[in-house]
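One structure below.
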Amino acid sequence: MGYSYEVWTQRLLAQHVRNHAVSAGHECLSRMSPNSVYRLLNAHDLQPHKVRYYLERRDPEFDTKRAEVLCVYQQVEYIWENEELKPLCDVYLPYDEKPGIKPLGIPPKISPPVPGEHPTIGRDSEYKWHGTLSLLAGIDLVTGEVIGTVEERHRSREFVDFLKKLDAHYSPELRIQIILDNHSAHISKETNAYLESVRGRFEFVFTPKHGSWLNVIESFFAKMTKQVLLQEVNANPVPFRWKYGLES
(Lines give C-alpha, C1' and ligand atoms only; values in the text may rest on other atoms or scores of the structure.)
Protein backbone atom coordinates (compact mmCIF):
# COMPACT_ATOMS: atom_id res chain seq x y z
CA MET A 1 0.00 0.00 0.00
CA GLY A 2 3.02 2.26 0.08
CA TYR A 3 3.00 2.68 3.86
CA SER A 4 6.06 2.40 6.06
CA TYR A 5 4.23 0.40 8.74
CA GLU A 6 5.25 -3.19 9.36
CA VAL A 7 1.93 -4.12 10.97
CA TRP A 8 -1.64 -2.82 10.83
CA THR A 9 -3.24 -1.40 13.95
CA GLN A 10 -7.00 -0.99 14.19
CA ARG A 11 -6.59 2.78 13.95
CA LEU A 12 -4.47 2.54 10.77
CA LEU A 13 -6.88 0.09 9.15
CA ALA A 14 -9.84 2.31 9.93
CA GLN A 15 -8.04 5.32 8.52
CA HIS A 16 -7.11 3.45 5.34
CA VAL A 17 -10.70 2.31 4.82
CA ARG A 18 -12.05 5.85 5.32
CA ASN A 19 -9.51 7.27 2.85
CA HIS A 20 -10.37 4.82 0.07
CA ALA A 21 -13.99 3.85 0.71
CA VAL A 22 -15.54 6.32 -1.71
CA SER A 23 -13.10 5.70 -4.57
CA ALA A 24 -13.57 1.97 -4.12
CA GLY A 25 -17.34 2.32 -4.38
CA HIS A 26 -18.10 1.67 -0.70
CA GLU A 27 -19.25 5.05 0.53
CA CYS A 28 -20.99 3.42 3.50
CA LEU A 29 -17.54 2.64 4.94
CA SER A 30 -16.31 6.22 4.80
CA ARG A 31 -17.00 6.61 8.52
CA MET A 32 -15.36 3.34 9.58
CA SER A 33 -14.19 3.45 13.21
CA PRO A 34 -11.44 1.46 14.96
CA ASN A 35 -14.13 -0.28 17.02
CA SER A 36 -15.80 -1.50 13.84
CA VAL A 37 -12.46 -2.78 12.57
CA TYR A 38 -11.96 -4.60 15.88
CA ARG A 39 -15.32 -6.36 15.61
CA LEU A 40 -14.68 -7.45 12.01
CA LEU A 41 -11.19 -8.76 12.75
CA ASN A 42 -12.35 -10.50 15.90
CA ALA A 43 -15.19 -12.19 14.03
CA HIS A 44 -12.69 -13.72 11.62
CA ASP A 45 -9.93 -14.37 14.19
CA LEU A 46 -7.45 -12.05 12.47
CA GLN A 47 -4.68 -10.14 14.28
CA PRO A 48 -2.75 -8.05 11.72
CA HIS A 49 -1.27 -5.96 14.55
CA LYS A 50 0.77 -8.93 15.78
CA VAL A 51 3.76 -10.82 14.38
CA ARG A 52 4.32 -14.51 15.05
CA TYR A 53 7.82 -15.81 14.34
CA TYR A 54 8.42 -19.31 13.09
CA LEU A 55 11.41 -21.33 11.97
CA GLU A 56 11.34 -22.59 8.42
CA ARG A 57 13.12 -25.91 8.08
CA ARG A 58 15.38 -25.12 5.14
CA ASP A 59 17.84 -27.92 5.88
CA PRO A 60 16.69 -31.16 4.17
CA GLU A 61 18.60 -33.08 6.86
CA PHE A 62 17.07 -31.10 9.73
CA ASP A 63 15.51 -34.07 11.52
CA THR A 64 18.63 -36.23 11.18
CA LYS A 65 20.96 -33.52 12.48
CA ARG A 66 18.59 -32.63 15.30
CA ALA A 67 18.49 -36.28 16.35
CA GLU A 68 22.30 -36.39 16.40
CA VAL A 69 22.45 -33.32 18.65
CA LEU A 70 19.76 -34.66 20.97
CA CYS A 71 21.62 -37.98 21.11
CA VAL A 72 24.59 -36.14 22.63
CA TYR A 73 22.35 -34.57 25.26
CA GLN A 74 20.80 -37.99 25.93
CA GLN A 75 24.26 -39.46 26.52
CA VAL A 76 25.00 -36.70 29.02
CA GLU A 77 21.73 -37.38 30.84
CA TYR A 78 22.70 -41.06 31.10
CA ILE A 79 26.06 -40.08 32.60
CA TRP A 80 24.31 -37.85 35.12
CA GLU A 81 22.13 -40.77 36.15
CA ASN A 82 25.20 -43.01 36.53
CA GLU A 83 27.77 -41.03 38.48
CA GLU A 84 30.40 -43.76 38.23
CA LEU A 85 30.72 -43.04 34.49
CA LYS A 86 31.82 -39.41 34.91
CA PRO A 87 35.57 -40.01 35.37
CA LEU A 88 35.73 -42.20 32.26
CA CYS A 89 33.27 -40.54 29.90
CA ASP A 90 34.02 -38.66 26.71
CA VAL A 91 33.96 -34.88 26.64
CA TYR A 92 30.69 -33.33 25.41
CA LEU A 93 31.11 -29.69 24.49
CA PRO A 94 28.62 -27.33 22.78
CA TYR A 95 30.65 -24.57 21.11
CA ASP A 96 30.09 -21.29 19.32
CA GLU A 97 31.52 -17.83 18.76
CA LYS A 98 30.05 -14.61 20.09
CA PRO A 99 31.42 -11.84 17.83
CA GLY A 100 31.06 -8.08 18.06
CA ILE A 101 31.68 -7.75 21.79
CA LYS A 102 32.53 -4.15 22.65
CA PRO A 103 34.92 -3.98 25.61
CA LEU A 104 34.67 -0.80 27.64
CA GLY A 105 37.50 1.01 29.37
CA ILE A 106 37.24 1.59 33.11
CA PRO A 107 35.58 4.96 33.81
CA PRO A 108 38.27 7.45 34.81
CA LYS A 109 36.47 8.62 37.94
CA ILE A 110 34.61 6.48 40.44
CA SER A 111 33.63 7.86 43.85
CA PRO A 112 32.21 5.86 46.77
CA PRO A 113 29.02 6.82 48.59
CA VAL A 114 29.51 9.83 50.89
CA PRO A 115 27.14 10.41 53.84
CA GLY A 116 25.39 13.73 53.51
CA GLU A 117 26.51 14.23 49.88
CA HIS A 118 25.42 11.33 47.69
CA PRO A 119 24.20 7.86 48.79
CA THR A 120 25.31 5.99 45.67
CA ILE A 121 28.52 5.18 43.85
CA GLY A 122 29.42 8.00 41.47
CA ARG A 123 30.72 7.04 38.06
CA ASP A 124 31.72 9.07 35.03
CA SER A 125 29.13 8.47 32.31
CA GLU A 126 31.70 8.50 29.49
CA TYR A 127 33.33 5.25 28.39
CA LYS A 128 36.19 4.53 26.06
CA TRP A 129 35.51 1.86 23.46
CA HIS A 130 38.26 -0.61 22.59
CA GLY A 131 37.07 -1.92 19.24
CA THR A 132 35.30 -5.28 19.03
CA LEU A 133 36.33 -8.75 20.14
CA SER A 134 35.03 -12.28 19.68
CA LEU A 135 34.47 -14.82 22.43
CA LEU A 136 35.12 -18.43 21.42
CA ALA A 137 33.67 -20.70 24.08
CA GLY A 138 32.43 -24.17 24.87
CA ILE A 139 30.70 -25.69 27.91
CA ASP A 140 31.65 -29.07 29.29
CA LEU A 141 28.18 -30.58 29.71
CA VAL A 142 29.32 -33.00 32.40
CA THR A 143 31.35 -30.68 34.65
CA GLY A 144 29.77 -27.33 33.73
CA GLU A 145 33.21 -25.80 33.13
CA VAL A 146 33.39 -23.06 30.50
CA ILE A 147 36.44 -23.10 28.28
CA GLY A 148 36.85 -19.88 26.36
CA THR A 149 39.24 -17.57 24.64
CA VAL A 150 38.88 -13.96 23.54
CA GLU A 151 40.18 -13.12 20.09
CA GLU A 152 40.16 -10.13 17.77
CA ARG A 153 38.77 -12.31 15.00
CA HIS A 154 37.17 -15.74 14.64
CA ARG A 155 38.74 -17.28 11.56
CA SER A 156 39.94 -20.84 11.00
CA ARG A 157 43.22 -19.93 12.70
CA GLU A 158 41.50 -18.90 15.91
CA PHE A 159 39.21 -21.94 15.81
CA VAL A 160 42.15 -24.32 15.39
CA ASP A 161 43.89 -22.60 18.31
CA PHE A 162 40.76 -23.23 20.38
CA LEU A 163 40.82 -26.91 19.42
CA LYS A 164 44.46 -27.07 20.48
CA LYS A 165 43.48 -25.53 23.80
CA LEU A 166 40.89 -28.28 24.28
CA ASP A 167 43.41 -30.91 23.29
CA ALA A 168 45.83 -29.65 25.94
CA HIS A 169 43.08 -29.31 28.56
CA TYR A 170 41.72 -32.85 28.48
CA SER A 171 43.33 -36.22 29.07
CA PRO A 172 44.67 -37.58 25.75
CA GLU A 173 42.66 -40.82 25.91
CA LEU A 174 39.34 -38.99 25.87
CA ARG A 175 37.37 -38.24 22.73
CA ILE A 176 36.00 -34.71 22.51
CA GLN A 177 32.55 -34.38 20.93
CA ILE A 178 31.75 -30.82 19.89
CA ILE A 179 28.29 -29.52 18.97
CA LEU A 180 28.68 -26.61 16.55
CA ASP A 181 27.25 -24.97 13.44
CA ASN A 182 28.47 -25.03 9.85
CA HIS A 183 30.42 -21.78 10.01
CA SER A 184 33.09 -21.71 7.30
CA ALA A 185 35.88 -21.78 9.91
CA HIS A 186 34.57 -25.09 11.25
CA ILE A 187 34.80 -26.91 7.93
CA SER A 188 37.75 -25.14 6.28
CA LYS A 189 40.85 -26.80 4.82
CA GLU A 190 42.92 -25.44 7.71
CA THR A 191 40.56 -26.94 10.27
CA ASN A 192 40.35 -30.29 8.50
CA ALA A 193 44.13 -30.43 8.20
CA TYR A 194 44.44 -30.04 11.96
CA LEU A 195 41.77 -32.68 12.60
CA GLU A 196 43.72 -35.08 10.40
CA SER A 197 46.82 -34.46 12.52
CA VAL A 198 44.94 -35.55 15.67
CA ARG A 199 42.71 -38.17 14.06
CA GLY A 200 40.16 -39.66 16.47
CA ARG A 201 40.57 -36.92 19.06
CA PHE A 202 37.57 -34.80 17.99
CA GLU A 203 34.12 -35.60 16.71
CA PHE A 204 31.97 -32.78 15.31
CA VAL A 205 28.19 -32.91 15.65
CA PHE A 206 26.70 -30.20 13.44
CA THR A 207 23.44 -28.43 14.20
CA PRO A 208 20.97 -28.08 11.29
CA LYS A 209 20.91 -24.94 9.20
CA HIS A 210 18.82 -22.36 11.09
CA GLY A 211 18.94 -24.69 14.08
CA SER A 212 21.46 -22.95 16.30
CA TRP A 213 18.79 -22.86 19.03
CA LEU A 214 19.58 -26.56 19.54
CA ASN A 215 23.02 -25.61 20.85
CA VAL A 216 23.11 -25.17 24.64
CA ILE A 217 25.92 -22.61 24.30
CA GLU A 218 23.33 -20.14 22.96
CA SER A 219 21.57 -20.19 26.33
CA PHE A 220 24.87 -19.56 28.06
CA PHE A 221 25.70 -16.61 25.80
CA ALA A 222 22.28 -15.11 26.55
CA LYS A 223 22.89 -15.48 30.27
CA MET A 224 26.43 -14.14 30.03
CA THR A 225 25.29 -11.06 28.12
CA LYS A 226 22.99 -10.14 30.99
CA GLN A 227 24.92 -10.90 34.12
CA VAL A 228 28.03 -13.07 34.30
CA LEU A 229 31.74 -13.39 33.57
CA LEU A 230 33.55 -16.63 32.68
CA GLN A 231 35.56 -16.65 35.90
CA GLU A 232 32.36 -16.35 37.94
CA VAL A 233 30.79 -19.24 36.06
CA ASN A 234 33.76 -21.53 36.63
CA ALA A 235 33.95 -20.60 40.33
CA ASN A 236 30.59 -22.37 40.78
CA PRO A 237 30.00 -24.31 37.54
CA VAL A 238 26.47 -25.49 36.84
CA PRO A 239 26.13 -27.87 33.89
CA PHE A 240 23.55 -26.89 31.31
CA ARG A 241 21.10 -29.74 30.76
CA TRP A 242 18.93 -30.06 27.68
CA LYS A 243 15.35 -31.28 28.10
CA TYR A 244 13.42 -30.52 24.89
CA GLY A 245 12.98 -33.57 22.69
CA LEU A 246 14.67 -36.08 24.99
CA GLU A 247 11.45 -37.58 26.26
CA SER A 248 10.31 -38.67 22.80
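All residue names refer to the C-alpha coordinates as shown: chains lettered A, B, ... in order, residues numbered from 1 in each chain, ligands numbered from 1 in order.
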How close does segment 7-67 of chain A get to segment 72-90 of chain A? List, as a Markdown table, each residue of segment 7-67 of chain A within 12 Å, its nearest atom pair and the distance in Å to one decimal, counting only C-alpha atoms.
```
| residue | atom | partner | partner_atom | distance |
| --- | --- | --- | --- | --- |
| A:Lys65 | CA | A:Val72 | CA | 11.1 |
| A:Arg66 | CA | A:Val72 | CA | 10.1 |
| A:Ala67 | CA | A:Val72 | CA | 8.8 |
```
Deliver the residues from the most recent selection as a file, using N, CA and C atoms, as a PDB file, in the first residue's frame.
```pdb
ATOM      1  N   LYS A  65      19.967 -34.269  11.701  1.00  0.00           N
ATOM      2  CA  LYS A  65      20.955 -33.523  12.477  1.00  0.00           C
ATOM      3  C   LYS A  65      20.436 -33.211  13.870  1.00  0.00           C
ATOM      4  N   ARG A  66      19.158 -32.893  13.975  1.00  0.00           N
ATOM      5  CA  ARG A  66      18.586 -32.634  15.296  1.00  0.00           C
ATOM      6  C   ARG A  66      18.698 -33.873  16.167  1.00  0.00           C
ATOM      7  N   ALA A  67      18.411 -35.037  15.584  1.00  0.00           N
ATOM      8  CA  ALA A  67      18.491 -36.282  16.347  1.00  0.00           C
ATOM      9  C   ALA A  67      19.918 -36.534  16.829  1.00  0.00           C
TER      10      ALA A  67
END
```
Among segment 82-189 of chain A, which residues carry a DSSP assignment of alpha helix (DSSP H), reported as a PyMOL selection string? chain A and resi 156-169+189
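Nearest residue to Phe202 of chain A among A:Asn215, A:Gly148, A:Tyr92, A:Asp181 is A:Tyr92, counting only C-alpha atoms.
Residue nearest Trp242 of chain A within the list A:Ile121, A:Leu93, A:Val37, A:Leu70: A:Leu70 [criterion: smallest interatomic distance, only C-alpha atoms].
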Strand (DSSP E or B) per DSSP on the backbone: members of segment 5-205 of chain A, as a VMD selection string: chain A and resid 91 to 101 104 110 to 111 114 118 122 to 123 129 133 to 139 146 to 151 176 to 180 202 to 205
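Pairwise distance (atom CA of Pro172 of chain A, atom CA of Ser197 of chain A) equals 13.8 Å.
Between Glu151 of chain A and the residues A:Gly100, A:Pro119, A:Ser188, A:Val114, the shortest atom-to-atom distance, using only C-alpha atoms, involves A:Gly100.
For the set A:Glu68, A:Glu27, A:Asp63, A:Glu203, the residue with the smallest atom-to-atom gap to Leu163 of chain A is A:Glu203, counting only C-alpha atoms.
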